[in-house]
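Enquirer: Mind looking over this structure? Questions follow.
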Amino acid sequence: MSIRPITFTALCLFSIAVFTAQSFAASLDTGFGKNGKVAVDLGSYGDQANAVLVQPDGKILVGGSTSNTADLDFMLFRLLADGSLDSEFNLDGTVSTAVGSHDDEVFALALQADGKILAGGYSTSEDGSQDFALLCYNSDGSLDRDFGLEGMVVTAVSDSDDKITGIAVQEDGRILLTGTALGDEGRVVVLARYQSNGSPDSTFADEGFTLSAVGTDAQAGSLLLTEEGRILVAGTYREKENAALMVLAYDENGDLDTSFGYDGVTVPLDGTVPSAGYGMAIRSDGSILVAGSVGEDGERDGALFLFGEDGLPDREFGKLGVLVTDDDVDTVFYDVLVNDEMIAATGVTTGEDGMRESLLITYTKEDKGNSELFQQQVAAMAAAPGDSAEASDEETDVSELTAQIVTTEMDNEESYAFSLAATGVGSVVVVGASGAEEVASAQVMQYNIFQSSVTGTSFGTATGNSYIVTGTPEDVTRTTALIPVTISSGLGIVEERGIVFSKDPLPVLQDSDTTSDDAADDTSDDTSDDTTDDSTDDTTTDDSTSSTTDETGPVPISSTESSFLTTEPVILVVSTDEEATCRYNANFDEDYGEMGGILSSSFGTGHHVILGTLPETEVGEPYTFYVRCKDQSDNITTAGTEITFTVSATTTSTSTTTPTITDSYATTTSSTEVTLTVTTSESARCGYHEGSSSNIFDYTEMDVTGGTAHSADISGLSAATSYNYYIRCAFTSSDTVDSAVISFTTTTSLYKNPIFSAEDQVASTSPMQTGLATALESVGSLFVSTAIAQDDTDSTDTMDTTDDEDTEDSDFLEEGSADGGSGTGSFTVRMEDLKPGTFFYARAYAVVGGTTYYGNQVGFQTADSCFVATAAYGSLFHPAVKVLRDFRDRFMLDNPVSRGLVHLYYRYSPPIADVISSNMILRPATRALLMPIVGSAWLTMHFGWLWMLIPAAAMVLLSWFGMQTMWKREA
């Protein structure tokens, strides 16, 4: 039985659907790049884009390869929403990385929770074979040197060709990879899991790897991780002369999930026609959609395959689970995406002139609120041979369907599309290549599929209550942002209003009694029940109206710290319940007009004044200040608010408890070397020991910096091996201890010996190597899995290595709210203390009758942190900036004097940094001024303060030689 479900009748229906939906015709987005297209040329002889993802902030990340004069290299570039290169990504928006000395190429991308970028593909070793290559980049495009070996992990899975084709990141940060390894008789599917630091996860499957031999040859095309933790791999297998699409399912341990399909593997129902599988997507009901083709090479038809959550083909979809696009030319779909609004697939077809053209096919429904698209698409798009048009019309309302095929020519050049991603509810971005093979460009195209009924950005924002309008963020700096808001009077009596913000979408106001995201028609009905027209007219006016009847003075609330050091400035901080101006006086309460000191207002309700450093206070005699405030109606607080604090010269610890280990981790510096790092809450001594011991003398003492930062470099370890190191810490004058365990797995070295060899390792006694070798020998058997059961020995997961948080980050906010007073009308809310370099979601809120209503959501990103140094060098991850940050953490935060200087720097440097970053003359000048500081910091970290004796000694020697020369001349 042939899989040819679209007959002439179905094609007619298809055409009717296209031409009756012109208002929703898919087309290139002319506001993106140049008429919807962007071409990127990095190399001398051609570039190609193979993978794409859209970041949470809307930026488009693309991966592939670039060709120099000798070979291919890893290539990444990042685009802004308008298609322009992102200058915050490696300064010019592009990155090329030579992993090895021969060809390297990216086929898969993923984001870690901290925003770091994973790029997977292959790297060609010296002997010409391809190996798994996984690289980790920081969000600015620099390599994450703490990942693997200087940001790279290259694994020779077999002694022949291997490559990564899919990446997924688990919630715990561990990294799943799929790909293909070549043996003597054919290829097998590889599933692997790595720790977040790039080391293989020995607790997964057989020492981190599972190989599955399907038929005589199998290739993995894509990888997905379901919400339930099931791991899916789509691809193609071959049994003798026949080829077919396949989907494999694995459980969380890396073993085939026998409850899925046919003992863990599923294939299309009709195997008489060749098929192939590539990209994959999960629908909201758990069913699986795979992009691919049917037919022999050169005569293929693009096809979508649908499998249920149980892995069985969905017989009601298309023809026995396959929906084919028959256009009489060679066509293949390489990737697919699905959401509640549309299905979209991309690939390659053949044009009338015989040249290859990129293709986008979409299935949408004009009723965008209907998420059950497939029920309508099936009957119209997949009529069985012999069915009439009338019969199809009876099954489905064809007029509701919008099916579209768009091909894109590139000025008499060939065009290819390999991957796509959604950039909005009704738009997609497609990546590939265009031009001749030797001089091709990486190609990016953005299409508008339809005008979405859901307003907002591409981040899934809701329309919100129509009475509340959140405006576009303005004046966004490193730590602040202004957002205009308008609240219409029809909402009712607004008791409280403002902005809520968070790193996560759709933030909510904390501790609100009830919340509502209902639309305006719902809220207006509810509100009208509680408020009469008369009361609304009298009370829901502008803030200015309500203030004229206000006879109560503002209420100051002090948030000044209770103690300061003699080395740090004293800052009085006060907030008021309404917009006001505030004054202060020392030691006695006076009338507002007699107070000589004035507090500056940050945005009407926040006030502060910097008093500078003050002498140490006597015991029991704190400093006392009084504050009074006046609102816009000239109402004054009846009595001054008292502020008291103490000032001391030093801080002393009287703790007699065990010192607390606040952080401990291992950083892999090579395949055989690691650095253990421990941080304690107070000054202490720490030791390490491989294996637990009750004898403190068995432990080797760690190096200590500032009393609380401890480290130890360990070498001579075995590659790809798990270790447990035990830590004990004690006070200098106490025997009490706190303990911790640091677990880690060393990385595989670049181009190490293969994990298995079909020829050499068949007789190996290693269970893993024997099993993997057997897998390559047994590829002649259909659906044979060679996943080896784990040993029953206990093992400890590797502790994730995370970057140290900036000390100043504790003062910054990742979520919260900013009050905007009460009443209706237009106003502006200022958010402060936002975390630098962070993307925020924000929306206005209004509290009416105890219920909180929200407006539409907007997004913005604060500027980078680290201030002057970052502004000068252009990146938070520049080596010079990293030196200064490390010096700060190790030397500047261990005593009150230098710690006070750090606080002063972070308080006053942001505006200076803003000026430097925007001035092309000041940036190089500042770098020149920072050079001796960076050099001194580097020397101090490596040699301690003793290095300063070197220039002193040099000066003495030069003076001595000068004196000797002068004496000789006089003689």
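Every chain in the structure tokens takes a letter, A first, then B, and so on in the order presented; its residues are numbered from 1, and the ligands are numbered from 1 following the presented order.
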May I have the residues within 7 Å of segment 678-689 of chain A as a PyMOL selection string, using only C-alpha atoms and disregarding those fewer than 3 positions away in the same chain?
Expert: chain A and resi 659-665+692+698-702+707-711+725-732
Enquirer: Go through A:Lys968, A:Arg843, A:Arg238, A:Lys37 and flag the residue nearest Gly186 of chain A, using only C-alpha atoms for the distances.
Expert: A:Arg238
Enquirer: Between atom CA of Leu306 of chain A and atom CA of Gly321 of chain A, what is the distance, to one decimal in Å?
Expert: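 Separation between atom CA of Leu306 of chain A and atom CA of Gly321 of chain A: 5.4 Å.
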Enquirer: Based on DSSP run over this structure's backbone, return all residues of segment 14-249 of chain A in alpha helix (DSSP H), as an mmCIF file with C-alpha atoms, in the first residue's frame.
Expert:
data_model
loop_
_atom_site.group_PDB
_atom_site.id
_atom_site.type_symbol
_atom_site.label_atom_id
_atom_site.label_comp_id
_atom_site.auth_asym_id
_atom_site.auth_seq_id
_atom_site.Cartn_x
_atom_site.Cartn_y
_atom_site.Cartn_z
ATOM 1 C CA PHE A 14 -5.435 22.816 -0.627
ATOM 2 C CA SER A 15 -5.345 25.523 -3.290
ATOM 3 C CA ILE A 16 -8.780 26.817 -2.297
ATOM 4 C CA ALA A 17 -7.570 27.118 1.289
ATOM 5 C CA VAL A 18 -4.571 29.129 0.184
ATOM 6 C CA PHE A 19 -6.407 31.550 -2.104
#
Enquirer: For segment 570-586 of chain A, work out the shell of residues within 7 Å, counting only C-alpha atoms and skipping chain neighbours fewer than 3 positions away, then give it as an NGL selection string.
Expert: :A and (554-560 or 564 or 592 or 595-599 or 601 or 604-613 or 624-632 or 821)
Enquirer: Residues within 6 Å of segment 465-476 of chain A, please, as a short mmCIF file (atom, residue, chain, number, x, y, z; two decimals) with all heavy atoms, in the first residue's frame. Count only C-alpha atoms; anything in the same chain fewer than 5 positions from it doesn't count.
Expert:
data_model
loop_
_atom_site.label_atom_id
_atom_site.label_comp_id
_atom_site.auth_asym_id
_atom_site.auth_seq_id
_atom_site.Cartn_x
_atom_site.Cartn_y
_atom_site.Cartn_z
N ALA A 481 14.95 51.65 35.55
CA ALA A 481 14.13 51.76 34.35
C ALA A 481 12.88 52.56 34.68
O ALA A 481 12.37 52.50 35.81
CB ALA A 481 13.76 50.39 33.80
N LEU A 482 12.38 53.33 33.73
CA LEU A 482 11.13 54.09 33.87
C LEU A 482 10.08 53.46 32.96
O LEU A 482 10.37 53.15 31.80
CB LEU A 482 11.34 55.55 33.47
CG LEU A 482 12.21 56.42 34.38
CD1 LEU A 482 12.40 57.79 33.75
CD2 LEU A 482 11.57 56.56 35.75
N ILE A 483 8.86 53.29 33.48
CA ILE A 483 7.78 52.75 32.67
C ILE A 483 6.56 53.65 32.82
O ILE A 483 6.05 53.84 33.94
CB ILE A 483 7.42 51.31 33.08
CG1 ILE A 483 8.60 50.38 32.80
CG2 ILE A 483 6.18 50.83 32.34
CD1 ILE A 483 8.31 48.93 33.08
N PRO A 484 6.06 54.22 31.72
CA PRO A 484 4.82 55.02 31.79
C PRO A 484 3.60 54.10 31.85
O PRO A 484 3.58 53.04 31.23
CB PRO A 484 4.85 55.82 30.48
CG PRO A 484 5.68 54.98 29.55
CD PRO A 484 6.68 54.25 30.39
N VAL A 485 2.60 54.53 32.58
CA VAL A 485 1.39 53.73 32.78
C VAL A 485 0.17 54.65 32.64
O VAL A 485 0.22 55.81 33.06
CB VAL A 485 1.38 53.05 34.17
CG1 VAL A 485 0.10 52.25 34.36
CG2 VAL A 485 2.60 52.16 34.34
N THR A 486 -0.89 54.12 32.08
CA THR A 486 -2.17 54.82 32.02
C THR A 486 -3.26 53.89 32.53
O THR A 486 -3.39 52.76 32.05
CB THR A 486 -2.50 55.28 30.60
OG1 THR A 486 -1.48 56.17 30.13
CG2 THR A 486 -3.85 55.99 30.57
N ILE A 487 -4.03 54.37 33.51
CA ILE A 487 -5.16 53.61 34.05
C ILE A 487 -6.42 54.43 33.82
O ILE A 487 -6.52 55.57 34.30
CB ILE A 487 -4.97 53.30 35.55
CG1 ILE A 487 -3.69 52.48 35.77
CG2 ILE A 487 -6.18 52.55 36.10
CD1 ILE A 487 -3.42 52.17 37.23
N SER A 488 -7.36 53.87 33.10
CA SER A 488 -8.61 54.57 32.78
C SER A 488 -9.55 54.55 33.98
O SER A 488 -9.53 53.63 34.80
CB SER A 488 -9.28 53.93 31.56
OG SER A 488 -8.42 53.95 30.45
N ALA A 519 -10.15 39.95 31.17
CA ALA A 519 -10.23 41.05 30.22
C ALA A 519 -11.16 42.12 30.74
O ALA A 519 -11.85 41.96 31.73
CB ALA A 519 -10.72 40.53 28.86
N ALA A 520 -11.20 43.22 30.01
CA ALA A 520 -11.91 44.39 30.51
C ALA A 520 -13.38 44.15 30.66
O ALA A 520 -14.02 44.66 31.58
CB ALA A 520 -11.67 45.56 29.56
N ARG A 843 4.73 44.52 34.15
CA ARG A 843 3.38 44.93 33.79
C ARG A 843 2.79 45.77 34.91
O ARG A 843 3.12 45.59 36.09
CB ARG A 843 2.48 43.74 33.47
CG ARG A 843 2.38 42.68 34.54
CD ARG A 843 1.44 41.57 34.08
NE ARG A 843 1.30 40.51 35.06
CZ ARG A 843 0.38 39.55 35.00
NH1 ARG A 843 -0.48 39.53 34.00
NH2 ARG A 843 0.32 38.61 35.93
N ALA A 844 1.94 46.70 34.52
CA ALA A 844 1.30 47.58 35.49
C ALA A 844 0.20 46.82 36.21
O ALA A 844 -0.38 45.86 35.69
CB ALA A 844 0.73 48.80 34.79
N TYR A 854 -4.18 43.36 36.21
CA TYR A 854 -2.91 43.58 35.54
C TYR A 854 -3.12 44.06 34.11
O TYR A 854 -4.08 43.68 33.44
CB TYR A 854 -2.07 42.29 35.51
CG TYR A 854 -1.71 41.80 36.89
CD1 TYR A 854 -2.49 40.85 37.53
CD2 TYR A 854 -0.59 42.30 37.55
CE1 TYR A 854 -2.16 40.40 38.80
CE2 TYR A 854 -0.26 41.85 38.82
CZ TYR A 854 -1.05 40.91 39.44
OH TYR A 854 -0.73 40.48 40.69
N GLY A 855 -2.17 44.88 33.64
CA GLY A 855 -2.18 45.33 32.27
C GLY A 855 -1.34 44.43 31.39
O GLY A 855 -0.93 43.34 31.78
N ASN A 856 -1.09 44.89 30.18
CA ASN A 856 -0.25 44.13 29.25
C ASN A 856 1.18 44.06 29.76
O ASN A 856 1.62 44.88 30.57
CB ASN A 856 -0.28 44.78 27.87
CG ASN A 856 0.20 46.22 27.91
OD1 ASN A 856 -0.45 47.06 28.53
ND2 ASN A 856 1.31 46.52 27.26
#
Enquirer: Need the shell around Asn242 of chain A: protein/DNA/RNA residues with any atom at most 10 Å away, counting only C-alpha atoms. Skip same-chain ones fewer than 4 positions apart. Format as a list in words?
Expert: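 Returned residues: Gly215, Tyr237, Arg238, Gly271, Thr272, Val273, Pro274, Ser275 and Glu296 of chain A.
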Enquirer: Residues near Met152 of chain A, anyone? I mean within 9 Å using only C-alpha atoms, not counting same-chain ones fewer than 5 positions away, as a ChimeraX atom specification.
Expert: /A:99,133-136,143-145,147,198,750
Enquirer: Looking at only C-alpha atoms, which of A:Asn919, A:Ser160, A:Thr480, A:Ser202 is the one that sits closest to Thr746 of chain A?
Expert: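 For Thr746 of chain A, the nearest of the given residues is A:Ser202.
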Enquirer: Based on DSSP run over this structure's backbone, return all residues of segment 28-215 of chain A in strand (DSSP E or B), as a ChimeraX atom specification.
Expert: /A:28,34,37-40,47-54,60-67,72-79,85,94-97,104-111,117-124,130-137,143,149,152-155,162-169,175-182,187-194,200,206,209-213,215
Enquirer: Rounded to one decimal, what separation in Å do you get between atom CA of Pro924 of chain A and atom CA of Asn90 of chain A?
Expert: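 These two atoms are separated by 17.6 Å.
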Enquirer: How far is it from atom CA of Tyr250 of chain A to atom CA of Gly264 of chain A, in Å with one decimal?
Expert: 7.1 Å
Enquirer: Set the distance at 7 Å and use only C-alpha atoms: which residues neighbour Ala666 of chain A once local chain neighbours fewer than 3 positions away are removed? I'd like the list as a count of residues only.
Expert: 7
